[in-house]
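start-v1.cif follows; it contains mmCIF, C-alpha atoms.
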```cif
data_my_file
#
loop_
_atom_site.label_atom_id
_atom_site.label_comp_id
_atom_site.auth_asym_id
_atom_site.auth_seq_id
_atom_site.Cartn_x
_atom_site.Cartn_y
_atom_site.Cartn_z
CA MET A 1 69.98 -41.21 25.18
CA SER A 2 69.55 -37.67 26.47
CA THR A 3 68.37 -36.00 29.63
CA THR A 4 67.54 -32.35 30.15
CA SER A 5 65.66 -30.45 32.79
CA GLY A 6 63.28 -27.73 33.75
CA SER A 7 62.68 -26.38 37.22
CA ALA A 8 60.14 -24.40 39.20
CA LYS A 9 60.16 -22.37 42.39
CA TRP A 10 57.07 -21.47 44.41
CA GLN A 11 56.34 -19.20 47.37
CA GLY A 12 53.00 -18.74 49.12
CA GLY A 13 49.56 -20.23 48.84
CA ILE A 14 47.81 -21.38 45.69
CA LYS A 15 45.99 -18.10 44.89
CA ASP A 16 48.36 -15.53 46.38
CA GLY A 17 51.58 -17.41 45.68
CA LYS A 18 54.14 -16.76 42.99
CA GLY A 19 56.21 -19.14 40.96
CA ALA A 20 59.13 -18.99 38.58
CA ILE A 21 59.97 -21.46 35.81
CA SER A 22 63.46 -22.05 34.42
CA THR A 23 64.92 -24.33 31.76
CA LYS A 24 68.39 -25.83 31.57
CA SER A 25 69.04 -24.05 28.25
CA GLY A 26 68.17 -20.67 29.73
CA ALA A 27 65.30 -20.14 27.29
CA LEU A 28 63.27 -19.46 30.42
CA SER A 29 65.01 -18.07 33.46
CA ASP A 30 62.83 -17.44 36.52
CA TYR A 31 59.87 -16.72 34.21
CA PRO A 32 56.78 -15.97 36.33
CA TYR A 33 53.81 -18.26 36.64
CA GLY A 34 50.96 -18.59 39.10
CA PHE A 35 47.26 -19.06 39.67
CA ALA A 36 46.31 -15.85 37.85
CA SER A 37 48.32 -16.72 34.71
CA ARG A 38 46.95 -20.25 34.72
CA PHE A 39 43.28 -19.65 35.44
CA GLU A 40 42.55 -15.94 34.99
CA GLY A 41 44.38 -15.00 31.78
CA LYS A 42 46.87 -12.72 33.54
CA PRO A 43 50.46 -12.24 32.31
CA GLY A 44 52.89 -15.07 32.97
CA SER A 45 53.22 -18.64 31.87
CA ASN A 46 51.58 -21.87 32.96
CA PRO A 47 52.27 -25.60 32.64
CA GLU A 48 49.73 -26.11 29.84
CA GLU A 49 51.35 -23.42 27.68
CA LEU A 50 54.73 -25.09 28.12
CA ILE A 51 53.28 -28.51 27.29
CA GLY A 52 51.68 -26.99 24.17
CA ALA A 53 54.98 -25.50 23.01
CA ALA A 54 56.81 -28.76 23.70
CA HIS A 55 54.18 -30.83 21.89
CA ALA A 56 54.11 -28.52 18.85
CA ALA A 57 57.91 -28.58 18.63
CA CYS A 58 58.20 -32.34 19.07
CA PHE A 59 55.42 -33.15 16.57
CA THR A 60 56.89 -30.81 13.95
CA MET A 61 60.38 -32.30 14.33
CA ALA A 62 58.94 -35.82 14.10
CA LEU A 63 57.05 -34.85 10.94
CA SER A 64 60.28 -33.49 9.43
CA LEU A 65 61.91 -36.89 10.01
CA ILE A 66 58.96 -38.79 8.54
CA LEU A 67 58.80 -36.48 5.52
CA GLY A 68 62.51 -37.07 4.94
CA GLU A 69 61.92 -40.82 4.93
CA ALA A 70 59.32 -40.15 2.20
CA LYS A 71 61.95 -38.13 0.26
CA LEU A 72 60.15 -34.85 1.03
CA THR A 73 61.46 -31.68 2.67
CA ALA A 74 59.25 -29.00 4.14
CA GLU A 75 59.81 -25.44 3.02
CA GLN A 76 57.76 -24.23 5.99
CA MET A 77 55.73 -25.83 8.79
CA GLU A 78 53.83 -24.12 11.60
CA THR A 79 52.13 -26.06 14.37
CA LYS A 80 49.94 -24.79 17.19
CA ALA A 81 48.99 -27.06 20.09
CA ASP A 82 45.86 -26.09 22.03
CA VAL A 83 46.00 -27.78 25.44
CA MET A 84 42.65 -28.12 27.25
CA LEU A 85 42.67 -28.03 31.05
CA GLU A 86 39.32 -28.92 32.62
CA LYS A 87 37.94 -29.40 36.10
CA GLN A 88 37.39 -33.07 36.90
CA GLY A 89 36.03 -34.04 40.29
CA ASP A 90 38.13 -32.39 42.99
CA GLY A 91 40.97 -31.47 40.64
CA PHE A 92 41.94 -30.65 37.11
CA ALA A 93 43.10 -32.69 34.13
CA ILE A 94 44.49 -32.07 30.67
CA THR A 95 41.66 -33.61 28.68
CA ALA A 96 42.81 -32.99 25.12
CA VAL A 97 45.43 -31.50 22.84
CA HIS A 98 44.49 -30.24 19.40
CA LEU A 99 47.33 -29.81 16.91
CA THR A 100 46.84 -27.42 13.99
CA LEU A 101 49.47 -27.68 11.28
CA THR A 102 49.98 -25.60 8.16
CA ALA A 103 52.77 -26.79 5.89
CA LYS A 104 54.33 -25.96 2.55
CA ILE A 105 56.05 -29.05 1.20
CA PRO A 106 57.12 -28.99 -2.45
CA GLY A 107 56.20 -32.18 -4.31
CA ALA A 108 53.87 -33.53 -1.59
CA ASP A 109 50.36 -34.69 -2.39
CA ASP A 110 47.69 -34.36 0.29
CA ALA A 111 47.29 -38.11 0.90
CA THR A 112 51.01 -38.59 1.57
CA PHE A 113 51.10 -35.44 3.71
CA GLN A 114 48.12 -36.55 5.82
CA ASP A 115 49.65 -40.01 6.31
CA CYS A 116 53.00 -38.54 7.40
CA ALA A 117 51.29 -36.07 9.76
CA ALA A 118 49.23 -38.85 11.36
CA LYS A 119 52.37 -40.93 11.90
CA ALA A 120 54.10 -37.94 13.52
CA LYS A 121 51.10 -37.28 15.79
CA ALA A 122 51.12 -40.88 17.00
CA GLY A 123 54.87 -41.31 17.18
CA CYS A 124 56.39 -38.15 18.59
CA PRO A 125 57.75 -38.62 22.12
CA VAL A 126 55.52 -35.92 23.65
CA SER A 127 52.40 -37.50 22.12
CA LYS A 128 53.48 -40.80 23.64
CA LEU A 129 53.92 -39.11 27.03
CA LEU A 130 50.49 -37.50 27.13
CA ASN A 131 47.64 -39.68 28.35
CA THR A 132 44.92 -37.67 26.62
CA ASN A 133 42.93 -37.32 23.41
CA ILE A 134 45.13 -35.82 20.66
CA THR A 135 43.51 -34.52 17.49
CA LEU A 136 45.06 -33.01 14.36
CA ASP A 137 44.04 -30.66 11.58
CA ALA A 138 46.75 -30.67 8.91
CA LYS A 139 46.60 -28.34 5.94
CA LEU A 140 48.95 -28.45 2.98
CA VAL A 141 49.37 -25.07 1.27
CA SER A 142 51.08 -24.21 -1.99
#
```

Kindly present the structure from the file in C-alpha coordinates form.
Amino acid sequence: MSTTSGSAKWQGGIKDGKGAISTKSGALSDYPYGFASRFEGKPGSNPEELIGAAHAACFTMALSLILGEAKLTAEQMETKADVMLEKQGDGFAITAVHLTLTAKIPGADDATFQDCAAKAKAGCPVSKLLNTNITLDAKLVS
(Lines of atoms letter the chains of each structure in order from A and count residues from 1; the text may use other names and numbers.)
(Lines give C-alpha, C1' and ligand atoms only; values in the text may rest on other atoms or scores of the structure.)
Protein backbone atom coordinates (compact mmCIF):
# COMPACT_ATOMS: atom_id res chain seq x y z
CA MET A 1 0.00 0.00 0.00
CA SER A 2 2.64 2.54 0.99
CA THR A 3 6.33 2.55 1.72
CA THR A 4 8.37 5.31 3.30
CA SER A 5 11.78 5.47 4.89
CA GLY A 6 14.06 6.74 7.56
CA SER A 7 17.82 6.57 7.59
CA ALA A 8 20.75 6.79 9.97
CA LYS A 9 24.45 7.51 9.67
CA TRP A 10 27.06 6.59 12.27
CA GLN A 11 30.75 7.35 12.78
CA GLY A 12 32.98 6.05 15.56
CA GLY A 13 32.60 3.67 18.47
CA ILE A 14 29.53 3.13 20.60
CA LYS A 15 30.36 5.67 23.35
CA ASP A 16 32.41 8.24 21.43
CA GLY A 17 30.58 7.90 18.11
CA LYS A 18 28.06 10.23 16.58
CA GLY A 19 24.98 9.51 14.54
CA ALA A 20 22.48 11.42 12.46
CA ILE A 21 18.87 10.46 11.74
CA SER A 22 16.89 11.57 8.69
CA THR A 23 13.38 10.95 7.42
CA LYS A 24 12.14 10.86 3.84
CA SER A 25 9.75 13.76 4.54
CA GLY A 26 12.55 15.95 5.84
CA ALA A 27 10.93 16.27 9.27
CA LEU A 28 14.32 15.13 10.55
CA SER A 29 17.40 15.92 8.52
CA ASP A 30 20.72 14.72 9.94
CA TYR A 31 19.32 15.13 13.47
CA PRO A 32 21.96 14.04 16.00
CA TYR A 33 21.74 10.93 18.11
CA GLY A 34 24.23 8.86 20.06
CA PHE A 35 25.06 7.01 23.24
CA ALA A 36 24.81 10.13 25.41
CA SER A 37 21.35 11.09 24.11
CA ARG A 38 20.14 7.52 24.47
CA PHE A 39 21.53 6.57 27.87
CA GLU A 40 22.70 9.74 29.62
CA GLY A 41 19.91 12.26 28.97
CA LYS A 42 22.08 14.52 26.79
CA PRO A 43 20.65 16.55 23.88
CA GLY A 44 19.81 14.66 20.72
CA SER A 45 17.34 12.00 19.76
CA ASN A 46 17.26 8.24 20.18
CA PRO A 47 15.40 5.29 18.65
CA GLU A 48 13.00 4.93 21.60
CA GLU A 49 11.90 8.57 21.34
CA LEU A 50 11.16 8.09 17.64
CA ILE A 51 9.25 4.87 18.32
CA GLY A 52 7.24 6.71 20.99
CA ALA A 53 6.33 9.52 18.59
CA ALA A 54 5.41 7.04 15.87
CA HIS A 55 3.30 4.94 18.25
CA ALA A 56 1.48 7.97 19.68
CA ALA A 57 0.73 9.26 16.18
CA CYS A 58 -0.41 5.90 14.82
CA PHE A 59 -2.61 5.10 17.84
CA THR A 60 -4.26 8.53 17.74
CA MET A 61 -4.99 8.26 14.01
CA ALA A 62 -6.40 4.76 14.49
CA LEU A 63 -8.62 6.04 17.31
CA SER A 64 -9.89 8.82 15.04
CA LEU A 65 -10.94 6.18 12.49
CA ILE A 66 -12.63 4.01 15.12
CA LEU A 67 -14.43 7.01 16.63
CA GLY A 68 -15.69 7.93 13.16
CA GLU A 69 -17.11 4.43 12.75
CA ALA A 70 -18.97 5.06 16.04
CA LYS A 71 -20.29 8.38 14.61
CA LEU A 72 -18.04 10.40 16.93
CA THR A 73 -15.46 13.08 16.12
CA ALA A 74 -12.76 14.21 18.50
CA GLU A 75 -12.44 17.90 19.18
CA GLN A 76 -8.98 17.29 20.65
CA MET A 77 -6.80 14.25 21.42
CA GLU A 78 -3.32 14.18 22.92
CA THR A 79 -1.34 10.98 23.30
CA LYS A 80 2.02 10.40 24.96
CA ALA A 81 3.88 7.12 24.51
CA ASP A 82 6.45 6.27 27.19
CA VAL A 83 8.86 3.69 25.76
CA MET A 84 10.81 1.65 28.34
CA LEU A 85 14.30 0.46 27.37
CA GLU A 86 15.83 -1.97 29.87
CA LYS A 87 18.98 -4.02 30.16
CA GLN A 88 18.32 -7.70 29.52
CA GLY A 89 21.19 -10.15 29.67
CA ASP A 90 24.01 -8.90 27.46
CA GLY A 91 21.86 -6.35 25.65
CA PHE A 92 18.85 -4.12 25.85
CA ALA A 93 15.18 -4.52 24.99
CA ILE A 94 12.10 -2.35 24.73
CA THR A 95 10.07 -3.99 27.48
CA ALA A 96 6.93 -1.86 27.47
CA VAL A 97 5.09 1.09 25.99
CA HIS A 98 2.60 3.04 28.06
CA LEU A 99 0.12 5.20 26.16
CA THR A 100 -1.50 8.12 27.98
CA LEU A 101 -4.42 9.69 26.14
CA THR A 102 -6.51 12.74 26.99
CA ALA A 103 -9.41 13.39 24.66
CA LYS A 104 -12.32 15.76 24.28
CA ILE A 105 -15.02 14.07 22.21
CA PRO A 106 -18.45 15.71 22.16
CA GLY A 107 -21.28 13.22 22.65
CA ALA A 108 -19.03 10.34 23.79
CA ASP A 109 -19.74 8.41 26.96
CA ASP A 110 -16.82 6.90 28.86
CA ALA A 111 -17.70 3.26 28.10
CA THR A 112 -17.78 3.86 24.34
CA PHE A 113 -14.61 5.94 24.53
CA GLN A 114 -12.73 3.26 26.49
CA ASP A 115 -13.87 0.57 24.05
CA CYS A 116 -12.75 2.61 21.03
CA ALA A 117 -9.40 3.42 22.66
CA ALA A 118 -8.76 -0.25 23.46
CA LYS A 119 -9.53 -1.21 19.86
CA ALA A 120 -7.11 1.46 18.61
CA LYS A 121 -4.38 0.27 20.99
CA ALA A 122 -4.71 -3.30 19.74
CA GLY A 123 -5.23 -2.47 16.09
CA CYS A 124 -2.91 0.35 15.13
CA PRO A 125 -0.07 -0.80 12.85
CA VAL A 126 2.69 0.32 15.24
CA SER A 127 1.10 -1.61 18.12
CA LYS A 128 1.02 -4.67 15.88
CA LEU A 129 4.71 -4.17 15.05
CA LEU A 130 5.91 -3.93 18.63
CA ASN A 131 6.53 -7.22 20.42
CA THR A 132 6.14 -5.78 23.91
CA ASN A 133 3.63 -5.06 26.67
CA ILE A 134 1.44 -2.08 25.70
CA THR A 135 -0.70 -0.41 28.36
CA LEU A 136 -3.15 2.49 28.09
CA ASP A 137 -4.59 5.15 30.35
CA ALA A 138 -7.40 6.94 28.50
CA LYS A 139 -9.14 9.94 30.00
CA LEU A 140 -12.19 11.62 28.53
CA VAL A 141 -12.46 15.31 29.45
CA SER A 142 -15.31 17.73 28.91

My list of candidates is A:Leu67, A:Ala54, A:Leu99, A:Ile94. Which is closest to Thr79 of chain A when distances are computed with only C-alpha atoms?
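Counting only C-alpha atoms, the residue closest to Thr79 of chain A is A:Leu99.
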
So which residues touch Lys15 of chain A within 6 Å, counting all atoms listed in the file, skipping near sequence neighbours fewer than 2 positions away, as a PyMOL selection string?
chain A and resi 13+17+35

Which residues, named as in the file, does the PyMOL selection byres ((chain A and resi 104-116) around 8) pick out? Answer as a PDB file with C-alpha atoms, in the frame of the given file.
```pdb
ATOM      1  CA  LEU A  63      57.050 -34.850  10.940  1.00  0.00           C
ATOM      2  CA  ILE A  66      58.960 -38.790   8.540  1.00  0.00           C
ATOM      3  CA  LEU A  67      58.800 -36.480   5.520  1.00  0.00           C
ATOM      4  CA  LEU A  72      60.150 -34.850   1.030  1.00  0.00           C
ATOM      5  CA  THR A  73      61.460 -31.680   2.670  1.00  0.00           C
ATOM      6  CA  ALA A  74      59.250 -29.000   4.140  1.00  0.00           C
ATOM      7  CA  GLU A  75      59.810 -25.440   3.020  1.00  0.00           C
ATOM      8  CA  GLN A  76      57.760 -24.230   5.990  1.00  0.00           C
ATOM      9  CA  MET A  77      55.730 -25.830   8.790  1.00  0.00           C
ATOM     10  CA  THR A 102      49.980 -25.600   8.160  1.00  0.00           C
ATOM     11  CA  ALA A 103      52.770 -26.790   5.890  1.00  0.00           C
ATOM     12  CA  ALA A 117      51.290 -36.070   9.760  1.00  0.00           C
ATOM     13  CA  ALA A 118      49.230 -38.850  11.360  1.00  0.00           C
ATOM     14  CA  LYS A 119      52.370 -40.930  11.900  1.00  0.00           C
ATOM     15  CA  ALA A 120      54.100 -37.940  13.520  1.00  0.00           C
ATOM     16  CA  ALA A 138      46.750 -30.670   8.910  1.00  0.00           C
ATOM     17  CA  LEU A 140      48.950 -28.450   2.980  1.00  0.00           C
ATOM     18  CA  VAL A 141      49.370 -25.070   1.270  1.00  0.00           C
ATOM     19  CA  SER A 142      51.080 -24.210  -1.990  1.00  0.00           C
TER      20      SER A 142
END
```

Would you compute the distance between atom CA of Asp82 of chain A and atom CA of Thr3 of chain A? Give it in Å to one decimal.
25.7 Å

Using atom CA of Gly34 of chain A and atom CA of Gly91 of chain A as the two end points, give the distance in Å to one decimal.
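Atom-to-atom, atom CA of Gly34 of chain A and atom CA of Gly91 of chain A are spaced 16.4 Å apart.
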
From A:Gly123, A:Gly26, A:Pro43, A:Pro32, residue lying nearest Lys9 of chain A [all atoms listed in the file]:
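So, comparing all the options, the nearest one is A:Pro32.
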
Give me the residues near Ala8 of chain A as a PDB file with C-alpha atoms, in the frame of the given file, where near means some atom within 9 Å (using all atoms listed in the file) and where sequence neighbours in that chain fewer than 2 positions away do not count.
```pdb
ATOM      1  CA  GLY A   6      63.280 -27.730  33.750  1.00  0.00           C
ATOM      2  CA  TRP A  10      57.070 -21.470  44.410  1.00  0.00           C
ATOM      3  CA  GLY A  19      56.210 -19.140  40.960  1.00  0.00           C
ATOM      4  CA  ALA A  20      59.130 -18.990  38.580  1.00  0.00           C
ATOM      5  CA  ILE A  21      59.970 -21.460  35.810  1.00  0.00           C
ATOM      6  CA  SER A  22      63.460 -22.050  34.420  1.00  0.00           C
ATOM      7  CA  THR A  23      64.920 -24.330  31.760  1.00  0.00           C
ATOM      8  CA  ASP A  30      62.830 -17.440  36.520  1.00  0.00           C
TER       9      ASP A  30
END
```

Close residues, Pro125 of chain A itself excluded, 9 Å, all atoms listed in the file, min 2 positions apart in chain, as a list in words:
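Near Pro125 of chain A, the qualifying residues are His55, Cys58, Phe59, Ala62, Ala122, Gly123, Ser127, Lys128, Leu129 and Leu130 of chain A.
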
Selected residue, from A:Ala27, A:Ala56, A:Thr4, A:Lys71, that lies nearest to Ile134 of chain A when counting all atoms listed in the file:
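Looking only at the distances to Ile134 of chain A, the closest residue turns out to be A:Ala56.
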
Run through the PyMOL selection byres ((chain A and resi 93) around 12) on the given coordinates and return the selected residues as a PyMOL selection string.
chain A and resi 47-48+83-92+94-97+130-133

What separation in Å, quoted to one decimal, exists between atom CA of Thr135 of chain A and atom CA of Leu50 of chain A?
18.1 Å

Counting all atoms listed in the file, the option among A:Val126, A:Asp16, A:Ser7, A:Tyr33 closest to Asn46 of chain A:
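Closest to Asn46 of chain A of all the choices is A:Tyr33.
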
Quick one: everything within 6 Å of Thr100 of chain A, counting all atoms listed in the file, minus sequence neighbours fewer than 5 positions away in the same chain. Send it as a tab-separated table (two decimals) with C-alpha atoms, keeping the file's coordinate frame.
```tsv
chain	number	residue	atom	x	y	z
A	79	THR	CA	52.13	-26.06	14.37
A	80	LYS	CA	49.94	-24.79	17.19
A	136	LEU	CA	45.06	-33.01	14.36
A	137	ASP	CA	44.04	-30.66	11.58
```
